[in-house]
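Peer 1: Here it is, the structure in full.
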Amino acid sequence: MIPFNYLGFVFKHFSSSLYPKKVVEELCMFIKPLCDDASVLDIGAGTGMMCEFAYRCNPKLRYVAVDPAKGMLKYTEDYVEVHTATAEALPFDDDSFDAVLMGESLHHLADPDTAMKEVVRVLKKNGKLFIYDFDKGTFLGKSLWAMEKLLGEPAHFYEVDALKKMLEEHGFHVHVSQHKWRYSVSASL
Ligand SMILES: C[S@@+](CC[C@H](N)C(=O)[O-])C[C@H]1O[C@@H](n2cnc3c(N)ncnc32)[C@H](O)[C@@H]1O
């Protein structure tokens with residue numbers, strides 16, 4: 001298993017370099033249409049990288065981060081409300097959020113299907129989901145998948161067509177953008 005609890009410092013300083021500029025721009029386009037009183041949940045937030053990118057596009061939103069690793073969450077910025085929890089058992093009421101973000105976290109989840117049911121539960125009607133992760137249909141994506149498997153990680157890497165199908169089965173309308181061996185998804189209920 002990857003010891004995320006001890007990797008907060010590393011992620012705080014180096015995680016942003018794993019995000020292509022185009023993905024950060026797409027995240028901004030995803031955030032911009034939200035009303036100023038909207039609530040945004042970052043799942044598998046780590047040190048809150050996705051919140052930081054989104055905050056630069058609209059600092060007025062409410063930003064909430066969920067991660068099981070306290071050692072990651074302690075590096076989030078002051079404007080982020082933090083909860084130590086897993087994606088599979090979100091500590092929030094139904095219809096609590098306007099948008100959910102998942103940056104490089106989907107493949108780390110123990111049970112993506114249960115997590116997606118939770119995402120749908122906590123999202124409001126017409127809620128939106130943004131995912132950034134690695135495409136198992138590419139050579140680099142498959143190499144990372146093999147490496148994480150060796151490390152004992154769940155390694156739920158998706159090929160984009162399989163991910164689209166999974167999200168549609170959970171009721172989302174899905175748009176996928178390919179970024180070489182990575183992808184971003186902008187989806188809405
Ligand atoms: C590669 S890090 C990504 C962190 C952050 N989103 C970023 O882009 O820097 C993956 C994160 O997923 C978290 N994670 C692992 N299992 C999880 C679960 N079941 N539910 C929610 N988060 C989980 C880890 O603790 C870790 O912080």
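Residues are named by chain letter and number: chains run A, B, ... in the order of the structure tokens, numbers start at 1 in each chain, and ligands are numbered from 1 in the order shown.
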Within 7 Å of ligand 1, counting only C-alpha atoms and all ligand atoms, which protein or nucleic acid residues do you find, written as a list in words?
Peer 2: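 The neighbouring residues of ligand 1 are, in order, Phe4, Asn5, Phe11, Ser15, Ser16, Ile43, Gly44, Ala45, Gly46, Thr47, Gly48, Met49, Met50, Val66, Asp67, Pro68, Ala69, Met72, Ala85, Thr86, Ala87, Glu88, Met102, Gly103, Glu104, Ser105, His108, Leu109 and Ala110 of chain A.
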Peer 1: Since we have the selection now, will you write its residues out, keeping C-alpha atoms, as a compact mmCIF listing (two decimals), in the first residue's frame?
Peer 2:
# COMPACT_ATOMS: atom_id res chain seq x y z
CA PHE A 4 -0.29 8.45 1.91
CA ASN A 5 -0.43 9.44 5.56
CA PHE A 11 2.10 15.85 -2.48
CA SER A 15 1.29 17.04 -6.95
CA SER A 16 0.50 20.07 -9.12
CA ILE A 43 -12.91 13.31 -2.76
CA GLY A 44 -9.54 11.68 -2.15
CA ALA A 45 -8.48 15.29 -1.80
CA GLY A 46 -5.07 14.57 -0.28
CA THR A 47 -3.52 17.99 0.33
CA GLY A 48 -6.41 19.67 -1.51
CA MET A 49 -4.77 20.22 -4.90
CA MET A 50 -8.09 20.20 -6.80
CA VAL A 66 -12.51 14.21 2.22
CA ASP A 67 -9.61 11.79 2.57
CA PRO A 68 -8.79 8.90 4.94
CA ALA A 69 -5.19 10.18 5.36
CA MET A 72 -2.40 14.57 3.69
CA ALA A 85 -13.41 9.71 5.77
CA THR A 86 -13.54 7.44 2.74
CA ALA A 87 -15.38 7.91 -0.54
CA GLU A 88 -17.32 4.74 0.19
CA MET A 102 -11.77 13.61 -7.90
CA GLY A 103 -8.14 14.18 -8.87
CA GLU A 104 -5.96 11.09 -9.26
CA SER A 105 -8.04 9.46 -6.54
CA HIS A 108 -7.09 4.44 -5.27
CA LEU A 109 -10.61 3.74 -4.02
CA ALA A 110 -11.31 0.31 -2.53
Peer 1: Give me the segment 36-153 of chain A side of the contact with segment 165-185 of chain A, cut-off 10 Å, one line per residue showing its nearest atom pair and distance in Å at one decimal, counting only C-alpha atoms, sorted by chain and residue number, as a Markdown table.
Peer 2:
| residue | atom | partner | partner_atom | distance |
| --- | --- | --- | --- | --- |
| A:Leu101 | CA | A:Val185 | CA | 9.9 |
| A:Met102 | CA | A:Val185 | CA | 9.6 |
| A:Gly103 | CA | A:Ser184 | CA | 9.0 |
| A:Glu104 | CA | A:Arg182 | CA | 9.8 |
| A:Pro112 | CA | A:Met166 | CA | 9.6 |
| A:Asp113 | CA | A:Met166 | CA | 8.1 |
| A:Met116 | CA | A:His170 | CA | 7.1 |
| A:Lys117 | CA | A:His170 | CA | 7.1 |
| A:Val119 | CA | A:His170 | CA | 9.5 |
| A:Val120 | CA | A:His170 | CA | 7.4 |
| A:Asn126 | CA | A:Phe172 | CA | 9.3 |
| A:Gly127 | CA | A:Phe172 | CA | 9.3 |
| A:Lys128 | CA | A:Phe172 | CA | 8.5 |
| A:Leu129 | CA | A:Val185 | CA | 7.6 |
| A:Phe130 | CA | A:Val185 | CA | 5.5 |
| A:Ile131 | CA | A:Val185 | CA | 4.9 |
| A:Tyr132 | CA | A:Ser184 | CA | 4.4 |
| A:Asp133 | CA | A:Tyr183 | CA | 5.8 |
| A:Phe134 | CA | A:Arg182 | CA | 4.3 |
| A:Asp135 | CA | A:Arg182 | CA | 5.2 |
| A:Lys136 | CA | A:Trp181 | CA | 7.9 |
| A:Gly137 | CA | A:Trp181 | CA | 8.0 |
| A:Thr138 | CA | A:Trp181 | CA | 5.5 |
| A:Phe139 | CA | A:Trp181 | CA | 7.5 |
| A:Leu140 | CA | A:Trp181 | CA | 6.1 |
| A:Gly141 | CA | A:Trp181 | CA | 5.9 |
| A:Lys142 | CA | A:Trp181 | CA | 9.2 |
Peer 1: Only N, CA and C atoms, please: the residues just picked out, written as a PDB file, in the first residue's frame.
Peer 2:
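Full text of again.pdb as output:
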ATOM      1  N   LEU A 101     -15.279  16.769  -7.023  1.00  0.00           N
ATOM      2  CA  LEU A 101     -14.016  16.677  -7.758  1.00  0.00           C
ATOM      3  C   LEU A 101     -13.264  15.433  -7.313  1.00  0.00           C
ATOM      4  N   MET A 102     -12.610  14.764  -8.245  1.00  0.00           N
ATOM      5  CA  MET A 102     -11.768  13.606  -7.904  1.00  0.00           C
ATOM      6  C   MET A 102     -10.505  13.676  -8.753  1.00  0.00           C
ATOM      7  N   GLY A 103      -9.401  14.051  -8.134  1.00  0.00           N
ATOM      8  CA  GLY A 103      -8.143  14.182  -8.873  1.00  0.00           C
ATOM      9  C   GLY A 103      -7.177  13.077  -8.516  1.00  0.00           C
ATOM     10  N   GLU A 104      -6.885  12.214  -9.459  1.00  0.00           N
ATOM     11  CA  GLU A 104      -5.958  11.087  -9.260  1.00  0.00           C
ATOM     12  C   GLU A 104      -6.342  10.232  -8.062  1.00  0.00           C
ATOM     13  N   PRO A 112     -14.930   1.534  -6.163  1.00  0.00           N
ATOM     14  CA  PRO A 112     -15.429   2.674  -6.942  1.00  0.00           C
ATOM     15  C   PRO A 112     -16.940   2.672  -7.136  1.00  0.00           C
ATOM     16  N   ASP A 113     -17.562   1.495  -7.239  1.00  0.00           N
ATOM     17  CA  ASP A 113     -19.009   1.451  -7.483  1.00  0.00           C
ATOM     18  C   ASP A 113     -19.782   1.987  -6.266  1.00  0.00           C
ATOM     19  N   MET A 116     -19.283   5.674  -6.087  1.00  0.00           N
ATOM     20  CA  MET A 116     -20.083   6.446  -7.044  1.00  0.00           C
ATOM     21  C   MET A 116     -21.530   6.561  -6.572  1.00  0.00           C
ATOM     22  N   LYS A 117     -22.024   5.520  -5.906  1.00  0.00           N
ATOM     23  CA  LYS A 117     -23.382   5.621  -5.321  1.00  0.00           C
ATOM     24  C   LYS A 117     -23.404   6.732  -4.278  1.00  0.00           C
ATOM     25  N   VAL A 119     -21.400   9.364  -4.253  1.00  0.00           N
ATOM     26  CA  VAL A 119     -21.300  10.644  -4.972  1.00  0.00           C
ATOM     27  C   VAL A 119     -22.684  11.089  -5.436  1.00  0.00           C
ATOM     28  N   VAL A 120     -23.430  10.164  -6.022  1.00  0.00           N
ATOM     29  CA  VAL A 120     -24.781  10.490  -6.513  1.00  0.00           C
ATOM     30  C   VAL A 120     -25.679  10.895  -5.339  1.00  0.00           C
ATOM     31  N   ASN A 126     -29.100  17.708 -10.692  1.00  0.00           N
ATOM     32  CA  ASN A 126     -28.263  18.397 -11.693  1.00  0.00           C
ATOM     33  C   ASN A 126     -26.832  18.653 -11.226  1.00  0.00           C
ATOM     34  N   GLY A 127     -26.407  17.938 -10.159  1.00  0.00           N
ATOM     35  CA  GLY A 127     -25.037  18.094  -9.662  1.00  0.00           C
ATOM     36  C   GLY A 127     -24.015  17.642 -10.700  1.00  0.00           C
ATOM     37  N   LYS A 128     -22.760  18.090 -10.487  1.00  0.00           N
ATOM     38  CA  LYS A 128     -21.722  17.847 -11.495  1.00  0.00           C
ATOM     39  C   LYS A 128     -20.519  17.125 -10.881  1.00  0.00           C
ATOM     40  N   LEU A 129     -19.830  16.377 -11.736  1.00  0.00           N
ATOM     41  CA  LEU A 129     -18.672  15.598 -11.290  1.00  0.00           C
ATOM     42  C   LEU A 129     -17.504  15.836 -12.237  1.00  0.00           C
ATOM     43  N   PHE A 130     -16.322  16.130 -11.655  1.00  0.00           N
ATOM     44  CA  PHE A 130     -15.103  16.281 -12.463  1.00  0.00           C
ATOM     45  C   PHE A 130     -14.088  15.254 -11.987  1.00  0.00           C
ATOM     46  N   ILE A 131     -13.566  14.453 -12.923  1.00  0.00           N
ATOM     47  CA  ILE A 131     -12.563  13.428 -12.579  1.00  0.00           C
ATOM     48  C   ILE A 131     -11.321  13.647 -13.431  1.00  0.00           C
ATOM     49  N   TYR A 132     -10.169  13.511 -12.787  1.00  0.00           N
ATOM     50  CA  TYR A 132      -8.912  13.500 -13.541  1.00  0.00           C
ATOM     51  C   TYR A 132      -8.149  12.255 -13.107  1.00  0.00           C
ATOM     52  N   ASP A 133      -7.732  11.431 -14.093  1.00  0.00           N
ATOM     53  CA  ASP A 133      -7.019  10.203 -13.716  1.00  0.00           C
ATOM     54  C   ASP A 133      -6.249   9.660 -14.919  1.00  0.00           C
ATOM     55  N   PHE A 134      -5.705   8.472 -14.758  1.00  0.00           N
ATOM     56  CA  PHE A 134      -4.812   7.883 -15.760  1.00  0.00           C
ATOM     57  C   PHE A 134      -5.542   6.803 -16.566  1.00  0.00           C
ATOM     58  N   ASP A 135      -5.320   6.812 -17.883  1.00  0.00           N
ATOM     59  CA  ASP A 135      -6.053   5.936 -18.798  1.00  0.00           C
ATOM     60  C   ASP A 135      -5.349   4.578 -18.933  1.00  0.00           C
ATOM     61  N   LYS A 136      -6.019   3.527 -18.488  1.00  0.00           N
ATOM     62  CA  LYS A 136      -5.433   2.185 -18.553  1.00  0.00           C
ATOM     63  C   LYS A 136      -5.291   1.680 -19.989  1.00  0.00           C
ATOM     64  N   GLY A 137      -5.955   2.343 -20.921  1.00  0.00           N
ATOM     65  CA  GLY A 137      -5.858   1.941 -22.320  1.00  0.00           C
ATOM     66  C   GLY A 137      -4.579   2.423 -22.992  1.00  0.00           C
ATOM     67  N   THR A 138      -3.717   3.125 -22.259  1.00  0.00           N
ATOM     68  CA  THR A 138      -2.451   3.610 -22.832  1.00  0.00           C
ATOM     69  C   THR A 138      -1.281   2.849 -22.201  1.00  0.00           C
ATOM     70  N   PHE A 139      -0.131   2.900 -22.862  1.00  0.00           N
ATOM     71  CA  PHE A 139       1.037   2.168 -22.357  1.00  0.00           C
ATOM     72  C   PHE A 139       1.428   2.677 -20.962  1.00  0.00           C
ATOM     73  N   LEU A 140       1.497   3.997 -20.817  1.00  0.00           N
ATOM     74  CA  LEU A 140       1.904   4.548 -19.509  1.00  0.00           C
ATOM     75  C   LEU A 140       0.872   4.266 -18.419  1.00  0.00           C
ATOM     76  N   GLY A 141      -0.401   4.377 -18.801  1.00  0.00           N
ATOM     77  CA  GLY A 141      -1.473   4.083 -17.834  1.00  0.00           C
ATOM     78  C   GLY A 141      -1.397   2.640 -17.361  1.00  0.00           C
ATOM     79  N   LYS A 142      -1.164   1.730 -18.328  1.00  0.00           N
ATOM     80  CA  LYS A 142      -1.079   0.306 -17.960  1.00  0.00           C
ATOM     81  C   LYS A 142       0.168   0.041 -17.109  1.00  0.00           C
TER      82      LYS A 142
END
Peer 1: Give the strand (DSSP E or B) residues of chain A, as DSSP finds them on the backbone, and put them as a PyMOL selection string.
Peer 2: chain A and resi 39-43+62-67+80-84+97-103+123-135+158+173-179+182-188
Peer 1: Leaving out Val64 of chain A and any residue of its chain fewer than 4 positions from it, which residues lie within 8 Å of it when counting only C-alpha atoms, given as a PyMOL selection string?
Peer 2: chain A and resi 39-42+80-83
Peer 1: When DSSP works through the backbone of this structure, what residues of segment 78-167 of chain A end up as alpha helix (DSSP H), shown as a PyMOL selection string?
Peer 2: chain A and resi 112-122+139-150+160-167
Peer 1: Rounded to one decimal place, report the atom CA of Ile2 of chain A-atom CA of Ala99 of chain A distance in Å.
Peer 2: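 The value is 27.5 Å.
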